[in-house]
Amino acid sequence: MLHQSRSAGIDTDLDTMHSANIMPIRRYTRNEANLAKRCAIQFAPTLAAEGMMNAKISASLDTSFRSAIGRMLRAGRIRVFEREANPHLDIAGIMNQLDGGPSLLFSNVKGHDMPVIGNVLSCRENCEAAFGMDYRGIREVVGRALGNPVAPRHVDKAPVHEHVYRDDFDIGRVLPVLTHTEADSGRFITGGIIIVQDPETGVYNASYHRLQLIGARRTAIKLDFGRHLRAAYERAQRMGKPLPIAVCIGTDIAVYYAAATMGSQMPESADELAVAGGLRGDPISLVKAITQDIYYPAETEIVLEGALLPDETVREGPFGEFVGYLSPEADAPVFEVSALAHRSRPIYHAINGVSREPVMLRKYVMEASLLKALQAATPIVDDVEMTAGGLFRFHAVISVRKTSPQHEGLQRNAILAAFATLKDLDLVIAVDDDIDIRDTDDVEYALAMRMEASQDLFIIPEARTHEYVRASRNGVRAKLGIDATVPFEEKARYARLRFKNIDIDERAFSSNPPASLPWLAER
């Protein structure tokens with residue numbers, strides 16, 4: 001069967017986009033941001049139609065890719081680039097220059113009819129708009145998912161099967177796969193989530209891996225050591241058989257977040273598609289692959305079906321990775337694609353390797369995992385923050401609340417527990433609950449006023465981190481804990497000055513000089 005649909009349009013919500021080159025951006029006020037308590041936040045009146053403005057998280061969330069993109073559009077978090085954009089270097093370059101802002105939709109891609117969307121979940125505002133709730137709500141549903149997985153359901157028909165190629169097709173012609181930088185070794189699929197069923201345990205895993213095009217229906221796939229997909233691949237190798245996988249591009253954002261889970265809260269025995277169901281509070285619908293013995297999310301924009309070959313490798317890379325450097329060229333398994341399918345009028349999701357999106361995708365997942373582990377281990381932990389400077393992965397700030405002398409020292413237990421929970425953490429700072437852990441200036445104030453270097457720093461030598469950290473020795477480096485909390489007995493001495501909180505009426509202000517200062521009007 002060979003069925004190719006060439007349509008530049010996109011579905012209902014996206015068809016309403018402005019015809020101007022760049023869609024005007026609506027910025028949220030501080031008062032709007034403060035409306036959120038534990039979950040829903042009012043970003044725009046149109047969000048009411050999504051049913052996402054309740055005071056409590058609903059039992060079931062609509063986290064489908066198209067619903068999320070529609071919410072982002074109506075919240076002003078998508079800009080449309082209507083001029084022709086070249087997938088060779090230009091699209092990635094524009095995404096880089098506008099990184100951390102609204103998502104970018106390239107509706108006119110040179111050589112392709114399929115639009116490209118990038119910088120989707122690259123900042124807090126985009127994530128909040130995609131879910132229709134504030135960051136606390138996102139973390140809460142992630143926490144719910146970790147403790148309450150919901151098994152997926154199987155369906156017979158799927159939107160992703162509306163157009164299917166399984167005979168004579170070329171991935172690079174059908175899909176607008178980007179060349180990201182001149183230093184990269186070729187064109188890479190970067191926004192795909194790999195779905196695999198372990199050949200021994202039968203457990204489903206979802207994870208992010210880059211794929212380099214090496215032929216019409218072949219890619220190389222980067223498998224880092226210690227990853228669950230690599231473990232499944234090595235088991236299939238020992239069995240001497242190919243490993244079926246599916247690459248889902250533009251799928252349910254609950255799957256995006258489940259695929260970003262890592263550390264002690266997501267062991268290899270956990271089914272990440274069930275975790276995605278727990279996040280949305282409803283089973284993920286899975287459909288059987290057309291050419292492989294595997295299931296994957298039915299509401300996916302684009303899917304590549306195929307298998308990892310057990311006995312063939314090729315040279316893959318270099319490619320710019322999230323740490324800001326090129327990862328080196330190395331041997332990589334070969335993914336042989338047996339079918340390509342997509343929805344009508346699909347969007348291709350691309351992610352710059354060096355950008356905020358690949359690290360932001362893990363932020364709330366890792367915070368929820370860390371908070372769950374620390375609160376179980378130490379009763380004084382109030383909140384955690386993975387910081388931007390640490391790529392939302394390597395640095396964390398822990399907020400603690402000491403209410404008795406017996407709590408003294410538990411802040412250091414929490415630091416040690418954090419290192420054990422997430423192996424990539426290399427710096428953890430503990431502060432008191434009067435410090436705003438999301439205000440880097442306030443955290444630095446705690447370091448300046450409450451940390452004494454000869455007593456409050458402790459180093460864990462020869463510990464495991466991520467192998468991409470160049471300061472490490474093949475992924476081994478020292479970790480640093482900083483106790484910037486106040487001793488319980490001295491809390492009164494360290495109390496910060498507080499001013500009276502005034503309800504200010506903005507109408508009391510003007511820009512007119514007062515009559516008592518006539519000279520000011522003359523300046």
# chains A, B, ... in the order shown; residues from 1 in each chain; ligands from 1
>>> closest_atom_pairs(of="stretch 416-448 of chain A", to="stretch 484-490 of chain A", cutoff="8 Å", atoms="only C-alpha atoms", output="JSON lines")
{"residue": "A:Ile429", "atom": "CA", "partner": "A:Ala484", "partner_atom": "CA", "distance": 6.8}
{"residue": "A:Ala430", "atom": "CA", "partner": "A:Ala484", "partner_atom": "CA", "distance": 5.6}
{"residue": "A:Val431", "atom": "CA", "partner": "A:Thr485", "partner_atom": "CA", "distance": 4.7}
{"residue": "A:Asp432", "atom": "CA", "partner": "A:Thr485", "partner_atom": "CA", "distance": 5.3}
{"residue": "A:Ala446", "atom": "CA", "partner": "A:Ala484", "partner_atom": "CA", "distance": 5.8}
{"residue": "A:Leu447", "atom": "CA", "partner": "A:Ala484", "partner_atom": "CA", "distance": 5.7}
>>> residues_around(residues="A:Pro310", least_positions_apart="3", cutoff="12 Å", atoms="only C-alpha atoms", output="VMD selection string")
chain A and resid 230 232 to 244 307 313 332 to 336
>>> atom_distance(atom1="atom CA of A:Ala231", atom2="atom CA of A:His466")
17.2 Å
>>> closest_residue(among="A:Asp442, A:Asp383, A:Gly281, A:Leu340", to="A:Gly147", atoms="only C-alpha atoms")
A:Gly281
>>> closest_residue(among="A:Ile214, A:Ala258, A:Val303, A:Ile193", to="A:His163", atoms="only C-alpha atoms")
A:Val303
>>> atom_distance(atom1="atom CA of A:Gln411", atom2="atom CA of A:Thr378")
8.0 Å
>>> closest_residue(among="A:Ala417, A:Ala377, A:Ile284, A:Ile189", to="A:Phe319", atoms="only C-alpha atoms")
A:Ile189
>>> select_by_dssp(residues="stretch 365-397 of chain A", states="helix (DSSP H, G or I)", output="list of chain:residue names")
A:Val365, A:Met366, A:Glu367, A:Ala368, A:Ser369, A:Leu370, A:Leu371, A:Lys372, A:Ala373, A:Leu374, A:Gln375, A:Ala376, A:Ala377
>>> write_last_selection(atoms="C-alpha atoms", output="compact mmCIF listing (two decimals), in the first residue's frame")
# COMPACT_ATOMS: atom_id res chain seq x y z
CA VAL A 365 9.22 15.49 35.67
CA MET A 366 12.52 15.55 37.55
CA GLU A 367 11.20 18.00 40.15
CA ALA A 368 8.16 15.82 40.79
CA SER A 369 10.37 12.73 41.08
CA LEU A 370 12.82 14.47 43.37
CA LEU A 371 10.12 15.99 45.58
CA LYS A 372 8.38 12.65 45.98
CA ALA A 373 11.60 10.89 46.99
CA LEU A 374 12.81 13.62 49.35
CA GLN A 375 9.51 14.08 51.16
CA ALA A 376 9.39 10.34 51.74
CA ALA A 377 12.93 10.39 53.14
>>> atom_distance(atom1="atom CA of A:Arg124", atom2="atom CA of A:Met360")
8.1 Å
>>> residues_around(residues="A:Arg280", least_positions_apart="4", cutoff="12 Å", atoms="only C-alpha atoms", output="PyMOL selection string")
chain A and resi 57-64+131+137-138+140-146+148-152+252-258+273-276+284-285
>>> select_by_dssp(residues="stretch 230-299 of chain A", states="strand (DSSP E or B)", output="ChimeraX atom specification")
/A:243-249,285-288,295-297
>>> decode(residues="stretch 295-307 of chain A", atoms="all heavy atoms", output="PDB file, in the first residue's frame")
ATOM      1  N   TYR A 295       2.813  -1.925  19.797  1.00  0.00           N
ATOM      2  CA  TYR A 295       1.741  -0.941  19.869  1.00  0.00           C
ATOM      3  C   TYR A 295       2.337   0.432  20.161  1.00  0.00           C
ATOM      4  O   TYR A 295       3.393   0.540  20.806  1.00  0.00           O
ATOM      5  CB  TYR A 295       0.745  -1.307  20.972  1.00  0.00           C
ATOM      6  CG  TYR A 295      -0.152  -2.477  20.648  1.00  0.00           C
ATOM      7  CD1 TYR A 295       0.296  -3.789  20.808  1.00  0.00           C
ATOM      8  CD2 TYR A 295      -1.452  -2.279  20.171  1.00  0.00           C
ATOM      9  CE1 TYR A 295      -0.523  -4.867  20.520  1.00  0.00           C
ATOM     10  CE2 TYR A 295      -2.278  -3.353  19.876  1.00  0.00           C
ATOM     11  CZ  TYR A 295      -1.811  -4.644  20.049  1.00  0.00           C
ATOM     12  OH  TYR A 295      -2.627  -5.690  19.747  1.00  0.00           O
ATOM     13  N   TYR A 296       1.626   1.474  19.722  1.00  0.00           N
ATOM     14  CA  TYR A 296       2.069   2.840  20.009  1.00  0.00           C
ATOM     15  C   TYR A 296       0.858   3.768  20.056  1.00  0.00           C
ATOM     16  O   TYR A 296      -0.249   3.382  19.628  1.00  0.00           O
ATOM     17  CB  TYR A 296       3.091   3.318  18.975  1.00  0.00           C
ATOM     18  CG  TYR A 296       2.703   3.126  17.520  1.00  0.00           C
ATOM     19  CD1 TYR A 296       1.782   3.952  16.890  1.00  0.00           C
ATOM     20  CD2 TYR A 296       3.288   2.099  16.765  1.00  0.00           C
ATOM     21  CE1 TYR A 296       1.444   3.786  15.561  1.00  0.00           C
ATOM     22  CE2 TYR A 296       2.951   1.919  15.436  1.00  0.00           C
ATOM     23  CZ  TYR A 296       2.035   2.774  14.834  1.00  0.00           C
ATOM     24  OH  TYR A 296       1.697   2.598  13.515  1.00  0.00           O
ATOM     25  N   PRO A 297       1.017   5.009  20.582  1.00  0.00           N
ATOM     26  CA  PRO A 297      -0.125   5.918  20.734  1.00  0.00           C
ATOM     27  C   PRO A 297      -0.842   6.195  19.422  1.00  0.00           C
ATOM     28  O   PRO A 297      -0.213   6.555  18.414  1.00  0.00           O
ATOM     29  CB  PRO A 297       0.515   7.186  21.315  1.00  0.00           C
ATOM     30  CG  PRO A 297       1.713   6.689  22.052  1.00  0.00           C
ATOM     31  CD  PRO A 297       2.236   5.555  21.210  1.00  0.00           C
ATOM     32  N   ALA A 298      -2.146   6.033  19.450  1.00  0.00           N
ATOM     33  CA  ALA A 298      -2.955   6.165  18.239  1.00  0.00           C
ATOM     34  C   ALA A 298      -3.040   7.602  17.752  1.00  0.00           C
ATOM     35  O   ALA A 298      -3.107   7.859  16.549  1.00  0.00           O
ATOM     36  CB  ALA A 298      -4.367   5.622  18.505  1.00  0.00           C
ATOM     37  N   GLU A 299      -3.057   8.551  18.694  1.00  0.00           N
ATOM     38  CA  GLU A 299      -3.171   9.961  18.311  1.00  0.00           C
ATOM     39  C   GLU A 299      -1.783  10.579  18.220  1.00  0.00           C
ATOM     40  O   GLU A 299      -1.372  11.380  19.052  1.00  0.00           O
ATOM     41  CB  GLU A 299      -4.057  10.725  19.302  1.00  0.00           C
ATOM     42  CG  GLU A 299      -5.519  10.358  19.188  1.00  0.00           C
ATOM     43  CD  GLU A 299      -6.430  11.401  19.815  1.00  0.00           C
ATOM     44  OE1 GLU A 299      -6.151  12.607  19.678  1.00  0.00           O
ATOM     45  OE2 GLU A 299      -7.407  11.007  20.466  1.00  0.00           O
ATOM     46  N   THR A 300      -1.065  10.157  17.182  1.00  0.00           N
ATOM     47  CA  THR A 300       0.278  10.652  16.906  1.00  0.00           C
ATOM     48  C   THR A 300       0.259  11.306  15.532  1.00  0.00           C
ATOM     49  O   THR A 300      -0.413  10.815  14.618  1.00  0.00           O
ATOM     50  CB  THR A 300       1.287   9.488  16.955  1.00  0.00           C
ATOM     51  OG1 THR A 300       1.332   8.968  18.281  1.00  0.00           O
ATOM     52  CG2 THR A 300       2.678   9.934  16.548  1.00  0.00           C
ATOM     53  N   GLU A 301       0.989  12.392  15.373  1.00  0.00           N
ATOM     54  CA  GLU A 301       1.042  13.062  14.071  1.00  0.00           C
ATOM     55  C   GLU A 301       1.724  12.176  13.026  1.00  0.00           C
ATOM     56  O   GLU A 301       1.206  11.974  11.935  1.00  0.00           O
ATOM     57  CB  GLU A 301       1.796  14.391  14.193  1.00  0.00           C
ATOM     58  CG  GLU A 301       1.087  15.442  15.030  1.00  0.00           C
ATOM     59  CD  GLU A 301      -0.198  15.926  14.396  1.00  0.00           C
ATOM     60  OE1 GLU A 301      -0.145  16.508  13.289  1.00  0.00           O
ATOM     61  OE2 GLU A 301      -1.273  15.706  14.995  1.00  0.00           O
ATOM     62  N   ILE A 302       2.904  11.667  13.377  1.00  0.00           N
ATOM     63  CA  ILE A 302       3.735  10.909  12.432  1.00  0.00           C
ATOM     64  C   ILE A 302       4.360   9.741  13.180  1.00  0.00           C
ATOM     65  O   ILE A 302       4.775   9.893  14.334  1.00  0.00           O
ATOM     66  CB  ILE A 302       4.862  11.796  11.848  1.00  0.00           C
ATOM     67  CG1 ILE A 302       4.285  13.053  11.187  1.00  0.00           C
ATOM     68  CG2 ILE A 302       5.745  11.016  10.872  1.00  0.00           C
ATOM     69  CD1 ILE A 302       5.273  14.202  11.112  1.00  0.00           C
ATOM     70  N   VAL A 303       4.459   8.581  12.532  1.00  0.00           N
ATOM     71  CA  VAL A 303       5.136   7.447  13.157  1.00  0.00           C
ATOM     72  C   VAL A 303       6.014   6.745  12.136  1.00  0.00           C
ATOM     73  O   VAL A 303       5.658   6.628  10.952  1.00  0.00           O
ATOM     74  CB  VAL A 303       4.127   6.452  13.780  1.00  0.00           C
ATOM     75  CG1 VAL A 303       3.306   5.756  12.709  1.00  0.00           C
ATOM     76  CG2 VAL A 303       4.832   5.435  14.661  1.00  0.00           C
ATOM     77  N   LEU A 304       7.177   6.317  12.576  1.00  0.00           N
ATOM     78  CA  LEU A 304       8.053   5.444  11.805  1.00  0.00           C
ATOM     79  C   LEU A 304       8.058   4.079  12.478  1.00  0.00           C
ATOM     80  O   LEU A 304       8.384   3.974  13.661  1.00  0.00           O
ATOM     81  CB  LEU A 304       9.479   5.995  11.762  1.00  0.00           C
ATOM     82  CG  LEU A 304       9.697   7.378  11.154  1.00  0.00           C
ATOM     83  CD1 LEU A 304      11.146   7.807  11.321  1.00  0.00           C
ATOM     84  CD2 LEU A 304       9.301   7.389   9.687  1.00  0.00           C
ATOM     85  N   GLU A 305       7.679   3.046  11.762  1.00  0.00           N
ATOM     86  CA  GLU A 305       7.739   1.679  12.262  1.00  0.00           C
ATOM     87  C   GLU A 305       8.985   1.000  11.718  1.00  0.00           C
ATOM     88  O   GLU A 305       9.412   1.270  10.595  1.00  0.00           O
ATOM     89  CB  GLU A 305       6.513   0.877  11.819  1.00  0.00           C
ATOM     90  CG  GLU A 305       5.190   1.397  12.310  1.00  0.00           C
ATOM     91  CD  GLU A 305       4.015   0.557  11.817  1.00  0.00           C
ATOM     92  OE1 GLU A 305       4.242  -0.510  11.190  1.00  0.00           O
ATOM     93  OE2 GLU A 305       2.875   0.960  12.069  1.00  0.00           O
ATOM     94  N   GLY A 306       9.560   0.104  12.508  1.00  0.00           N
ATOM     95  CA  GLY A 306      10.721  -0.622  12.023  1.00  0.00           C
ATOM     96  C   GLY A 306      11.374  -1.406  13.138  1.00  0.00           C
ATOM     97  O   GLY A 306      10.749  -1.701  14.169  1.00  0.00           O
ATOM     98  N   ALA A 307      12.656  -1.721  12.947  1.00  0.00           N
ATOM     99  CA  ALA A 307      13.375  -2.534  13.928  1.00  0.00           C
ATOM    100  C   ALA A 307      14.837  -2.126  13.972  1.00  0.00           C
ATOM    101  O   ALA A 307      15.417  -1.704  12.963  1.00  0.00           O
ATOM    102  CB  ALA A 307      13.252  -4.018  13.583  1.00  0.00           C
TER     103      ALA A 307
END
